[in-house]
>>> print(open('query.cif').read())   # mmCIF, C-alpha atoms
data_entry
loop_
_atom_site.label_atom_id
_atom_site.label_comp_id
_atom_site.auth_asym_id
_atom_site.auth_seq_id
_atom_site.Cartn_x
_atom_site.Cartn_y
_atom_site.Cartn_z
CA ASP A 1313 109.33 80.52 94.20
CA SER A 1314 106.51 82.86 93.18
CA ASN A 1315 108.76 85.91 92.92
CA ALA A 1316 111.27 84.18 90.66
CA ALA A 1317 108.51 82.83 88.43
CA VAL A 1318 107.29 86.30 87.48
CA ASP A 1319 110.55 88.24 87.78
CA ASN A 1320 111.12 88.35 84.02
CA ALA A 1321 107.57 89.61 83.47
CA GLY A 1322 108.22 92.38 85.96
CA ARG A 1323 111.27 93.50 84.03
CA TRP A 1324 109.33 93.53 80.77
CA GLY A 1325 106.50 95.30 82.56
CA TYR A 1326 108.91 98.12 83.41
CA LEU A 1327 109.92 98.45 79.76
CA VAL A 1328 106.30 98.50 78.59
CA GLY A 1329 105.01 100.69 81.42
CA HIS A 1330 107.71 103.28 80.78
CA ASP A 1331 107.20 103.23 76.99
CA VAL A 1332 110.72 101.92 76.35
CA LEU A 1333 109.17 99.30 74.08
CA PRO A 1334 107.70 100.89 70.92
CA ASP A 1335 103.95 100.60 70.41
CA SER A 1336 104.62 98.60 67.24
CA ALA A 1337 105.70 95.65 69.41
CA THR A 1338 102.85 95.76 71.94
CA ALA A 1339 101.02 92.86 70.28
CA ASN A 1340 104.24 90.82 70.36
CA TYR A 1341 104.70 91.59 74.04
CA ARG A 1342 101.16 90.38 74.70
CA ALA A 1343 101.87 87.22 72.71
CA MET A 1344 105.00 86.58 74.79
CA ILE A 1345 103.19 86.99 78.11
CA GLY A 1346 100.41 84.68 76.92
CA ALA A 1347 102.82 82.03 75.66
CA ILE A 1348 104.79 81.96 78.91
CA TYR A 1349 102.12 82.43 81.54
CA GLY A 1350 99.05 80.93 79.86
CA PRO A 1351 100.25 77.34 80.41
CA MET A 1352 101.30 78.24 83.94
CA LEU A 1353 97.82 79.53 84.77
CA ALA A 1354 96.23 76.46 83.19
CA LYS A 1355 98.31 74.31 85.55
CA LEU A 1356 97.59 76.46 88.60
CA GLY A 1357 93.87 76.77 87.92
CA PHE A 1358 91.83 79.92 88.38
CA ASP A 1359 88.49 80.75 89.94
CA PRO A 1360 87.66 84.47 90.31
CA ALA A 1361 85.90 83.66 93.58
CA GLY A 1362 89.16 82.27 94.93
CA GLU A 1363 87.70 78.78 95.44
CA THR A 1364 90.64 76.71 94.20
CA GLY A 1365 91.14 74.54 97.26
CA ASP A 1366 94.80 75.54 97.27
CA ASN A 1367 96.06 76.56 100.69
CA ASP A 1368 99.71 77.00 99.76
CA PRO A 1369 100.53 80.72 100.30
CA ASP A 1370 103.27 80.83 97.67
CA ARG A 1371 101.07 79.24 95.00
CA GLN A 1372 98.24 81.60 95.91
CA LYS A 1373 100.58 84.54 95.46
CA LEU A 1374 101.84 83.13 92.15
CA ARG A 1375 98.28 82.60 90.91
CA ARG A 1376 97.34 86.20 91.69
CA SER A 1377 100.42 87.46 89.86
CA VAL A 1378 99.83 85.26 86.81
CA VAL A 1379 96.15 86.19 86.61
CA GLY A 1380 97.20 89.85 86.59
CA LEU A 1381 99.73 89.19 83.83
CA MET A 1382 97.23 87.31 81.70
CA ALA A 1383 94.48 89.89 82.18
CA GLY A 1384 96.59 93.04 81.92
CA GLY A 1385 99.70 91.96 80.03
CA ALA A 1386 98.46 89.33 77.60
CA LYS A 1387 94.91 90.78 77.46
CA ASP A 1388 93.71 87.18 77.40
CA ALA A 1389 90.04 87.18 76.44
CA ALA A 1390 89.13 84.11 78.49
CA VAL A 1391 90.71 85.35 81.71
CA ARG A 1392 89.31 88.84 81.24
CA GLY A 1393 85.88 87.37 80.53
CA LYS A 1394 85.93 85.40 83.78
CA LEU A 1395 86.96 88.43 85.78
CA ALA A 1396 84.43 90.72 84.11
CA GLY A 1397 81.60 88.25 84.67
CA ALA A 1398 82.50 87.86 88.34
CA ALA A 1399 82.79 91.63 88.80
CA LYS A 1400 79.37 92.14 87.21
CA ALA A 1401 77.89 89.59 89.60
CA TYR A 1402 79.55 91.39 92.51
CA LEU A 1403 78.05 94.72 91.49
CA ALA A 1404 74.67 93.01 91.16
CA GLY A 1405 74.84 91.95 94.79
CA ASN A 1406 76.73 88.65 94.90
CA LYS A 1407 79.63 89.63 97.17
CA ASP A 1408 81.09 86.11 96.96
CA ALA A 1409 81.38 86.16 93.18
CA ILE A 1410 84.92 87.53 93.13
CA SER A 1411 87.78 87.42 95.62
CA PRO A 1412 89.03 90.74 96.99
CA ALA A 1413 92.36 89.80 95.42
CA TYR A 1414 90.80 90.06 91.94
CA LEU A 1415 88.17 92.74 92.51
CA GLY A 1416 90.31 95.61 91.25
CA LEU A 1417 91.22 93.66 88.11
CA GLY A 1418 87.60 92.77 87.42
CA LEU A 1419 86.31 96.29 87.94
CA GLY A 1420 89.13 97.65 85.77
CA ILE A 1421 88.02 95.41 82.91
CA LEU A 1422 84.42 96.59 83.29
CA VAL A 1423 85.54 100.22 83.15
CA ASP A 1424 87.62 99.39 80.09
CA GLN A 1425 84.61 97.80 78.42
CA GLY A 1426 82.17 100.48 79.51
CA ASP A 1427 81.70 104.16 78.77
CA LEU A 1428 82.01 107.36 80.79
CA ALA A 1429 78.50 106.90 82.16
CA PHE A 1430 79.52 103.54 83.64
CA ALA A 1431 82.62 105.09 85.23
CA ARG A 1432 80.47 107.79 86.79
CA GLN A 1433 77.99 105.22 88.10
CA LEU A 1434 80.80 103.13 89.57
CA ALA A 1435 82.28 106.19 91.27
CA GLU A 1436 78.93 107.00 92.86
CA LYS A 1437 78.58 103.41 94.03
CA ALA A 1438 82.07 103.55 95.52
CA LEU A 1439 81.54 106.81 97.39
CA SER A 1440 78.21 105.57 98.73
CA SER A 1441 79.71 102.31 100.00
CA GLU A 1442 80.95 101.62 103.51
CA ASP A 1443 83.18 98.83 102.17
CA ALA A 1444 86.69 100.31 102.15
CA GLY A 1445 88.07 97.53 99.95
CA PHE A 1446 85.44 98.02 97.26
CA ARG A 1447 85.75 101.79 97.41
CA SER A 1448 89.50 101.64 96.87
CA ALA A 1449 89.27 99.03 94.11
CA ALA A 1450 86.55 100.92 92.24
CA LEU A 1451 88.21 104.33 92.36
CA GLY A 1452 91.52 102.76 91.36
CA ALA A 1453 89.88 101.01 88.41
CA ILE A 1454 88.41 104.29 87.20
CA ALA A 1455 91.71 106.16 87.51
CA GLY A 1456 93.61 103.44 85.65
CA SER A 1457 91.16 103.15 82.77
CA GLY A 1458 93.44 104.74 80.18
CA LYS A 1459 90.45 106.57 78.68
CA ALA A 1460 90.81 110.25 77.84
CA ASP A 1461 87.17 111.10 78.51
CA VAL A 1462 87.28 109.46 81.94
CA ALA A 1463 90.58 111.19 82.71
CA ASN A 1464 89.25 114.61 81.75
CA TRP A 1465 86.18 114.03 83.89
CA LEU A 1466 88.29 113.04 86.91
CA LEU A 1467 90.64 115.99 86.50
CA ASN A 1468 88.22 118.74 85.62
CA ASP A 1469 84.65 117.86 86.52
CA PHE A 1470 84.51 115.28 89.30
CA GLN A 1471 83.83 117.26 92.46
CA ASP A 1472 82.38 115.45 95.46
CA LYS A 1473 82.69 116.31 99.15
CA ARG A 1474 82.91 112.60 99.97
CA LEU A 1475 86.24 112.32 98.14
CA ARG A 1476 89.21 112.14 100.48
CA ARG A 1477 92.46 113.97 99.80
CA ASN A 1478 94.43 110.75 99.34
CA GLU A 1479 91.85 109.55 96.81
CA GLN A 1480 92.22 112.74 94.80
CA PHE A 1481 95.97 112.20 94.70
CA GLY A 1482 95.29 108.59 93.81
CA PHE A 1483 93.48 109.70 90.67
CA LEU A 1484 96.60 111.53 89.51
CA TYR A 1485 98.81 108.51 90.17
CA GLY A 1486 96.41 106.17 88.39
CA LEU A 1487 96.20 108.44 85.35
CA ALA A 1488 99.99 108.85 85.26
CA ALA A 1489 100.54 105.10 85.54
CA ASN A 1490 98.65 104.46 82.29
CA SER A 1491 100.54 105.58 79.19
CA ASP A 1492 97.27 106.53 77.47
CA THR A 1493 96.40 109.16 80.09
CA ARG A 1494 99.87 109.97 81.43
CA GLN A 1495 100.32 113.19 79.51
CA LEU A 1496 96.91 114.48 80.60
CA ALA A 1497 97.94 113.95 84.22
CA TYR A 1498 101.30 115.63 83.72
CA ASP A 1499 99.79 118.61 81.92
CA TYR A 1500 97.27 118.98 84.73
CA VAL A 1501 100.03 119.01 87.35
CA PHE A 1502 102.01 121.65 85.47
CA ALA A 1503 98.93 123.84 85.13
CA ASN A 1504 97.73 123.35 88.70
CA PHE A 1505 100.91 122.95 90.71
CA ASP A 1506 100.10 125.63 93.29
CA LYS A 1507 96.72 124.09 94.01
CA ILE A 1508 98.22 120.60 94.32
CA ALA A 1509 101.09 121.82 96.48
CA GLY A 1510 98.65 123.52 98.82
CA SER A 1511 96.75 120.28 99.27
CA ALA A 1512 99.81 118.05 99.58
CA GLY A 1513 101.47 120.07 102.32
CA ILE A 1514 104.44 118.27 103.88
CA PHE A 1515 103.85 115.26 101.65
CA LEU A 1516 104.68 117.19 98.47
CA GLY A 1517 108.29 116.01 98.49
CA SER A 1518 107.38 112.33 98.40
CA ARG A 1519 104.24 112.51 96.31
CA LEU A 1520 105.38 114.62 93.38
CA PRO A 1521 108.40 112.51 92.32
CA ALA A 1522 106.25 109.36 92.47
CA LEU A 1523 103.83 110.97 90.05
CA PHE A 1524 106.47 111.45 87.37
CA ASN A 1525 108.42 108.23 87.80
CA ARG A 1526 106.74 106.55 84.81
CA SER A 1527 107.98 109.16 82.35
CA CYS A 1528 110.65 108.15 79.86
CA SER A 1529 111.02 111.34 77.85
CA ALA A 1530 114.04 113.63 77.74
CA ALA A 1531 111.68 116.46 76.79
CA GLU A 1532 109.61 115.79 79.93
CA ALA A 1533 112.77 115.83 82.04
CA ASP A 1534 113.71 119.18 80.50
CA ARG A 1535 110.22 120.48 81.18
CA LEU A 1536 110.40 119.38 84.80
CA ASP A 1537 113.78 121.05 85.17
CA LYS A 1538 112.60 124.31 83.64
CA VAL A 1539 109.12 124.64 85.10
CA MET A 1540 108.93 122.51 88.21
CA ARG A 1541 112.39 122.83 89.74
CA PRO A 1542 111.91 126.50 90.72
CA LYS A 1543 108.57 125.64 92.33
CA ILE A 1544 110.07 122.75 94.30
CA ALA A 1545 112.92 124.99 95.41
CA GLU A 1546 110.46 127.66 96.51
CA ALA A 1547 108.47 125.09 98.47
CA GLU A 1548 111.71 124.01 100.17
CA VAL A 1549 110.71 120.36 100.26
CA GLY A 1550 111.57 117.23 98.29
CA MET A 1551 114.46 118.50 96.15
CA LEU A 1552 116.48 115.30 96.58
CA GLY A 1553 113.56 113.15 95.46
CA PHE A 1554 112.90 115.51 92.59
CA ASP A 1555 116.54 115.33 91.45
CA ARG A 1556 116.45 111.53 91.52
CA THR A 1557 113.24 111.43 89.53
CA VAL A 1558 114.61 113.72 86.80
CA GLU A 1559 117.78 111.63 86.59
CA GLU A 1560 115.74 108.39 86.35
CA ILE A 1561 113.67 109.89 83.54
CA ARG A 1562 116.81 110.81 81.60
CA THR A 1563 118.28 107.34 82.16
CA CYS A 1564 115.08 105.75 80.90
CA ALA A 1565 115.03 108.03 77.85
CA ASN A 1566 118.62 107.03 77.04
CA LEU A 1567 117.71 103.35 77.36
CA LYS A 1568 114.74 103.82 75.05
CA ALA A 1569 116.86 105.58 72.43
CA ALA A 1570 119.61 102.97 72.62
CA ARG A 1571 117.64 99.74 72.88
CA GLY A 1572 113.94 100.33 72.16
CA THR A 1573 114.07 99.39 68.48
CA GLU A 1574 116.29 96.40 69.22
CA LEU A 1575 113.88 95.09 71.87
CA ALA A 1576 110.96 95.45 69.47
CA ALA A 1577 112.79 93.53 66.75
CA ALA A 1578 113.66 90.70 69.14
CA LEU A 1579 110.04 90.35 70.29
CA LYS A 1580 108.70 90.41 66.75
CA THR A 1581 111.07 87.63 65.77
CA SER A 1582 110.45 85.41 68.79
CA TYR A 1583 106.74 86.05 69.37
CA PRO A 1584 104.86 86.91 66.17
CA ALA A 1585 101.57 88.67 66.90
CA LYS A 1586 98.40 86.66 66.49
CA GLN A 1587 96.46 87.55 63.39
#
>>> encode(input="query.cif", output="structure tokens")
Amino acid sequence: DSNAAVDNAGRWGYLVGHDVLPDSATANYRAMIGAIYGPMLAKLGFDPAGETGDNDPDRQKLRRSVVGLMAGGAKDAAVRGKLAGAAKAYLAGNKDAISPAYLGLGLGILVDQGDLAFARQLAEKALSSEDAGFRSAALGAIAGSGKADVANWLLNDFQDKRLRRNEQFGFLYGLAANSDTRQLAYDYVFANFDKIAGSAGIFLGSRLPALFNRSCSAAEADRLDKVMRPKIAEAEVGMLGFDRTVEEIRTCANLKAARGTELAAALKTSYPAKQ
């Protein structure tokens, strides 16, 4: 079962994505993902174009999940190289070079490898395209880059009439999902809440909690309580979702304080980082 095969990785992904696992054990986490899922991907086979000859839906789903784990979790150079090469070919005009299932991953790697100028060029290409799938994948890759200069550009300088409202919100979610740009996104929301609330309208109650659900800091929970709670109350929308989010942040912070160091020690013992 494809879900069962990657369930453990999903649980670890939560711990890493919420910063429960200390940065000192990141290399060990990557080693663990590579050790477990590298052999699995070798057995499944992988072609960025999707030409594996495998018509089994569950194996296809498993392959997509494992490729994502190897590219994003393990940071496997070979898998990332395949995806980056296929994404480059796609941008050069070969639309069959990479499957839509892997396009976002491939473009994300190119953004990671490139500079701000590349991110800006990719954004222009996306907004000029009539391909909805490419547009979404490209803008998502830019938002999830984890790069401070790209984040600051998206938040403060990127103004284009072709941008849709949901895409602007998507930038915030993408920035908040990456621990390297999360605080920039949160600070922006605190400083620009009225502007964001005016754009979100009736969706404010569902969108705002989702933005903060990656936080794992008691200080951030306190900040939300002090600064954002009165604004949510004034808007008269989404208080229940807001309360749940704050409680989840506090629970995560308690877990990090109680088990973070222990988790890091266990990983370092079982999966020594590659030198």
>>> resolve_selection(input="query.cif", expression="the PyMOL selection byres ((chain A and resi 1573-1586) around 9)", output="ChimeraX atom specification")
/A:1332-1344,1347,1568-1572,1587
>>> residues_around(input="query.cif", residues="Thr1557 (chain A)", least_positions_apart="2", cutoff="10 Å", atoms="all atoms listed in the file", output="number ranges by chain")
A: 1520-1527, 1533, 1536, 1551-1555, 1559-1563
>>> closest_residue(input="query.cif", among="A:Ala1444, A:Ile1454, A:Ala1390, A:Ala1361", to="Asp1424 (chain A)", atoms="only C-alpha atoms")
A:Ile1454
>>> residues_around(input="query.cif", residues="region 1408-1420 of chain A", least_positions_apart="6", cutoff="6 Å", atoms="all atoms listed in the file", output="PyMOL selection string")
chain A and resi 1360-1362+1395-1396+1398-1399+1402+1449+1453
>>> atom_distance(input="query.cif", atom1="CA of Gly1350 (chain A)", atom2="CA of Asp1492 (chain A)")
25.8 Å
>>> atom_distance(input="query.cif", atom1="CA of Asn1464 (chain A)", atom2="CA of Leu1496 (chain A)")
7.7 Å
>>> atom_distance(input="query.cif", atom1="CA of Ala1450 (chain A)", atom2="CA of Glu1363 (chain A)")
22.4 Å
>>> axis_aligned_box(input="query.cif", around="region 1358-1371 of chain A", padding_each_side="5 Å", output="AutoDock Vina command-line options")
--center_x 94.6 --center_y 79.5 --center_z 94.5 --size_x 27.4 --size_y 19.9 --size_z 22.3
>>> closest_residue(input="query.cif", among="A:Asp1331, A:Asp1319, A:Asp1359, A:Asp1506", to="Cys1564 (chain A)", atoms="all atoms listed in the file")
A:Asp1331
>>> resolve_selection(input="query.cif", expression="the PyMOL selection byres ((chain A and resi 1374-1376) around 9)", output="MDAnalysis selection string")
chainID A and resid 1313:1315 1317:1318 1352:1353 1356:1358 1369:1373 1377:1381 1413:1414
>>> write_last_selection(input="query.cif", atoms="C-alpha atoms", output="mmCIF file, keeping the file's coordinate frame")
data_model
loop_
_atom_site.group_PDB
_atom_site.id
_atom_site.type_symbol
_atom_site.label_atom_id
_atom_site.label_comp_id
_atom_site.auth_asym_id
_atom_site.auth_seq_id
_atom_site.Cartn_x
_atom_site.Cartn_y
_atom_site.Cartn_z
ATOM 1 C CA ASP A 1313 109.330 80.520 94.200
ATOM 2 C CA SER A 1314 106.510 82.860 93.180
ATOM 3 C CA ASN A 1315 108.760 85.910 92.920
ATOM 4 C CA ALA A 1317 108.510 82.830 88.430
ATOM 5 C CA VAL A 1318 107.290 86.300 87.480
ATOM 6 C CA MET A 1352 101.300 78.240 83.940
ATOM 7 C CA LEU A 1353 97.820 79.530 84.770
ATOM 8 C CA LEU A 1356 97.590 76.460 88.600
ATOM 9 C CA GLY A 1357 93.870 76.770 87.920
ATOM 10 C CA PHE A 1358 91.830 79.920 88.380
ATOM 11 C CA PRO A 1369 100.530 80.720 100.300
ATOM 12 C CA ASP A 1370 103.270 80.830 97.670
ATOM 13 C CA ARG A 1371 101.070 79.240 95.000
ATOM 14 C CA GLN A 1372 98.240 81.600 95.910
ATOM 15 C CA LYS A 1373 100.580 84.540 95.460
ATOM 16 C CA SER A 1377 100.420 87.460 89.860
ATOM 17 C CA VAL A 1378 99.830 85.260 86.810
ATOM 18 C CA VAL A 1379 96.150 86.190 86.610
ATOM 19 C CA GLY A 1380 97.200 89.850 86.590
ATOM 20 C CA LEU A 1381 99.730 89.190 83.830
ATOM 21 C CA ALA A 1413 92.360 89.800 95.420
ATOM 22 C CA TYR A 1414 90.800 90.060 91.940
#
>>> residues_around(input="query.cif", residues="Asn1490 (chain A)", least_positions_apart="3", cutoff="10 Å", atoms="only C-alpha atoms", output="PyMOL selection string")
chain A and resi 1329-1330+1455-1459+1485-1487+1493-1495+1497+1526
>>> closest_residue(input="query.cif", among="A:Asn1320, A:Leu1428, A:Glu1546, A:Arg1535", to="Phe1502 (chain A)", atoms="only C-alpha atoms")
A:Arg1535
>>> closest_residue(input="query.cif", among="A:Asp1388, A:Cys1528, A:Lys1407, A:Val1462", to="Gly1445 (chain A)", atoms="all atoms listed in the file")
A:Lys1407
>>> decode(input="query.cif", residues="region 1505-1544 of chain A", atoms="N, CA and C atoms", output="PDB file, in the first residue's frame")
ATOM      1  N   PHE A1505      -1.668  43.218   8.328  1.00  0.00           N
ATOM      2  CA  PHE A1505      -2.892  42.447   8.548  1.00  0.00           C
ATOM      3  C   PHE A1505      -4.118  43.111   7.922  1.00  0.00           C
ATOM      4  N   ASP A1506      -4.274  44.404   8.099  1.00  0.00           N
ATOM      5  CA  ASP A1506      -5.468  45.088   7.598  1.00  0.00           C
ATOM      6  C   ASP A1506      -5.578  44.970   6.081  1.00  0.00           C
ATOM      7  N   LYS A1507      -4.452  45.093   5.415  1.00  0.00           N
ATOM      8  CA  LYS A1507      -4.436  44.966   3.957  1.00  0.00           C
ATOM      9  C   LYS A1507      -4.816  43.547   3.539  1.00  0.00           C
ATOM     10  N   ILE A1508      -4.256  42.558   4.240  1.00  0.00           N
ATOM     11  CA  ILE A1508      -4.533  41.155   3.919  1.00  0.00           C
ATOM     12  C   ILE A1508      -5.981  40.823   4.209  1.00  0.00           C
ATOM     13  N   ALA A1509      -6.479  41.298   5.348  1.00  0.00           N
ATOM     14  CA  ALA A1509      -7.864  41.030   5.729  1.00  0.00           C
ATOM     15  C   ALA A1509      -8.833  41.623   4.706  1.00  0.00           C
ATOM     16  N   GLY A1510      -8.503  42.792   4.206  1.00  0.00           N
ATOM     17  CA  GLY A1510      -9.356  43.425   3.214  1.00  0.00           C
ATOM     18  C   GLY A1510      -9.429  42.637   1.922  1.00  0.00           C
ATOM     19  N   SER A1511      -8.326  41.978   1.583  1.00  0.00           N
ATOM     20  CA  SER A1511      -8.292  41.174   0.362  1.00  0.00           C
ATOM     21  C   SER A1511      -8.939  39.816   0.564  1.00  0.00           C
ATOM     22  N   ALA A1512      -8.790  39.258   1.782  1.00  0.00           N
ATOM     23  CA  ALA A1512      -9.290  37.909   2.037  1.00  0.00           C
ATOM     24  C   ALA A1512     -10.802  37.866   2.162  1.00  0.00           C
ATOM     25  N   GLY A1513     -11.392  38.931   2.688  1.00  0.00           N
ATOM     26  CA  GLY A1513     -12.838  38.974   2.847  1.00  0.00           C
ATOM     27  C   GLY A1513     -13.349  37.842   3.720  1.00  0.00           C
ATOM     28  N   ILE A1514     -14.370  37.123   3.229  1.00  0.00           N
ATOM     29  CA  ILE A1514     -15.006  36.066   4.014  1.00  0.00           C
ATOM     30  C   ILE A1514     -14.104  34.848   4.195  1.00  0.00           C
ATOM     31  N   PHE A1515     -13.016  34.798   3.433  1.00  0.00           N
ATOM     32  CA  PHE A1515     -12.116  33.654   3.537  1.00  0.00           C
ATOM     33  C   PHE A1515     -11.058  33.844   4.612  1.00  0.00           C
ATOM     34  N   LEU A1516     -11.057  34.977   5.277  1.00  0.00           N
ATOM     35  CA  LEU A1516     -10.039  35.268   6.286  1.00  0.00           C
ATOM     36  C   LEU A1516      -9.997  34.185   7.362  1.00  0.00           C
ATOM     37  N   GLY A1517     -11.172  33.733   7.807  1.00  0.00           N
ATOM     38  CA  GLY A1517     -11.230  32.769   8.895  1.00  0.00           C
ATOM     39  C   GLY A1517     -10.554  31.455   8.581  1.00  0.00           C
ATOM     40  N   SER A1518     -10.604  31.017   7.331  1.00  0.00           N
ATOM     41  CA  SER A1518      -9.976  29.750   6.968  1.00  0.00           C
ATOM     42  C   SER A1518      -8.536  29.929   6.507  1.00  0.00           C
ATOM     43  N   ARG A1519      -8.229  31.065   5.917  1.00  0.00           N
ATOM     44  CA  ARG A1519      -6.908  31.257   5.350  1.00  0.00           C
ATOM     45  C   ARG A1519      -5.849  31.626   6.389  1.00  0.00           C
ATOM     46  N   LEU A1520      -6.208  32.443   7.344  1.00  0.00           N
ATOM     47  CA  LEU A1520      -5.209  32.901   8.309  1.00  0.00           C
ATOM     48  C   LEU A1520      -4.673  31.769   9.182  1.00  0.00           C
ATOM     49  N   PRO A1521      -5.531  30.927   9.789  1.00  0.00           N
ATOM     50  CA  PRO A1521      -4.994  29.833  10.597  1.00  0.00           C
ATOM     51  C   PRO A1521      -4.062  28.922   9.801  1.00  0.00           C
ATOM     52  N   ALA A1522      -4.414  28.651   8.539  1.00  0.00           N
ATOM     53  CA  ALA A1522      -3.585  27.778   7.714  1.00  0.00           C
ATOM     54  C   ALA A1522      -2.194  28.370   7.500  1.00  0.00           C
ATOM     55  N   LEU A1523      -2.102  29.676   7.524  1.00  0.00           N
ATOM     56  CA  LEU A1523      -0.820  30.332   7.321  1.00  0.00           C
ATOM     57  C   LEU A1523       0.129  30.094   8.486  1.00  0.00           C
ATOM     58  N   PHE A1524      -0.414  30.001   9.687  1.00  0.00           N
ATOM     59  CA  PHE A1524       0.422  29.880  10.877  1.00  0.00           C
ATOM     60  C   PHE A1524       0.564  28.443  11.386  1.00  0.00           C
ATOM     61  N   ASN A1525      -0.002  27.480  10.684  1.00  0.00           N
ATOM     62  CA  ASN A1525      -0.025  26.132  11.245  1.00  0.00           C
ATOM     63  C   ASN A1525       1.300  25.394  11.173  1.00  0.00           C
ATOM     64  N   ARG A1526       2.347  26.021  10.617  1.00  0.00           N
ATOM     65  CA  ARG A1526       3.671  25.409  10.641  1.00  0.00           C
ATOM     66  C   ARG A1526       4.519  25.910  11.804  1.00  0.00           C
ATOM     67  N   SER A1527       4.021  26.894  12.528  1.00  0.00           N
ATOM     68  CA  SER A1527       4.799  27.449  13.630  1.00  0.00           C
ATOM     69  C   SER A1527       4.874  26.455  14.780  1.00  0.00           C
ATOM     70  N   CYS A1528       5.995  26.489  15.493  1.00  0.00           N
ATOM     71  CA  CYS A1528       6.184  25.598  16.637  1.00  0.00           C
ATOM     72  C   CYS A1528       6.888  26.369  17.748  1.00  0.00           C
ATOM     73  N   SER A1529       6.470  27.601  17.950  1.00  0.00           N
ATOM     74  CA  SER A1529       7.133  28.494  18.894  1.00  0.00           C
ATOM     75  C   SER A1529       6.126  29.053  19.891  1.00  0.00           C
ATOM     76  N   ALA A1530       6.405  28.857  21.179  1.00  0.00           N
ATOM     77  CA  ALA A1530       5.536  29.418  22.210  1.00  0.00           C
ATOM     78  C   ALA A1530       5.502  30.939  22.106  1.00  0.00           C
ATOM     79  N   ALA A1531       6.633  31.534  21.748  1.00  0.00           N
ATOM     80  CA  ALA A1531       6.688  32.988  21.605  1.00  0.00           C
ATOM     81  C   ALA A1531       5.781  33.450  20.467  1.00  0.00           C
ATOM     82  N   GLU A1532       5.728  32.670  19.381  1.00  0.00           N
ATOM     83  CA  GLU A1532       4.861  33.024  18.256  1.00  0.00           C
ATOM     84  C   GLU A1532       3.393  32.895  18.656  1.00  0.00           C
ATOM     85  N   ALA A1533       3.086  31.871  19.453  1.00  0.00           N
ATOM     86  CA  ALA A1533       1.719  31.712  19.944  1.00  0.00           C
ATOM     87  C   ALA A1533       1.327  32.897  20.815  1.00  0.00           C
ATOM     88  N   ASP A1534       2.246  33.328  21.670  1.00  0.00           N
ATOM     89  CA  ASP A1534       1.977  34.498  22.522  1.00  0.00           C
ATOM     90  C   ASP A1534       1.767  35.743  21.665  1.00  0.00           C
ATOM     91  N   ARG A1535       2.583  35.864  20.635  1.00  0.00           N
ATOM     92  CA  ARG A1535       2.473  37.024  19.744  1.00  0.00           C
ATOM     93  C   ARG A1535       1.129  37.030  19.020  1.00  0.00           C
ATOM     94  N   LEU A1536       0.714  35.862  18.557  1.00  0.00           N
ATOM     95  CA  LEU A1536      -0.591  35.751  17.905  1.00  0.00           C
ATOM     96  C   LEU A1536      -1.714  36.140  18.868  1.00  0.00           C
ATOM     97  N   ASP A1537      -1.613  35.635  20.095  1.00  0.00           N
ATOM     98  CA  ASP A1537      -2.631  35.943  21.100  1.00  0.00           C
ATOM     99  C   ASP A1537      -2.718  37.439  21.383  1.00  0.00           C
ATOM    100  N   LYS A1538      -1.562  38.062  21.497  1.00  0.00           N
ATOM    101  CA  LYS A1538      -1.515  39.475  21.877  1.00  0.00           C
ATOM    102  C   LYS A1538      -1.893  40.406  20.730  1.00  0.00           C
ATOM    103  N   VAL A1539      -1.349  40.139  19.561  1.00  0.00           N
ATOM    104  CA  VAL A1539      -1.508  41.070  18.447  1.00  0.00           C
ATOM    105  C   VAL A1539      -2.671  40.716  17.518  1.00  0.00           C
ATOM    106  N   MET A1540      -2.785  39.412  17.207  1.00  0.00           N
ATOM    107  CA  MET A1540      -3.738  39.023  16.178  1.00  0.00           C
ATOM    108  C   MET A1540      -5.135  38.735  16.708  1.00  0.00           C
ATOM    109  N   ARG A1541      -5.224  38.241  17.940  1.00  0.00           N
ATOM    110  CA  ARG A1541      -6.540  37.885  18.472  1.00  0.00           C
ATOM    111  C   ARG A1541      -7.518  39.075  18.452  1.00  0.00           C
ATOM    112  N   PRO A1542      -7.103  40.260  18.898  1.00  0.00           N
ATOM    113  CA  PRO A1542      -8.039  41.390  18.844  1.00  0.00           C
ATOM    114  C   PRO A1542      -8.500  41.711  17.426  1.00  0.00           C
ATOM    115  N   LYS A1543      -7.602  41.535  16.460  1.00  0.00           N
ATOM    116  CA  LYS A1543      -7.957  41.825  15.068  1.00  0.00           C
ATOM    117  C   LYS A1543      -8.954  40.801  14.529  1.00  0.00           C
ATOM    118  N   ILE A1544      -8.735  39.521  14.894  1.00  0.00           N
ATOM    119  CA  ILE A1544      -9.669  38.475  14.473  1.00  0.00           C
ATOM    120  C   ILE A1544     -11.033  38.711  15.108  1.00  0.00           C
TER     121      ILE A1544
END
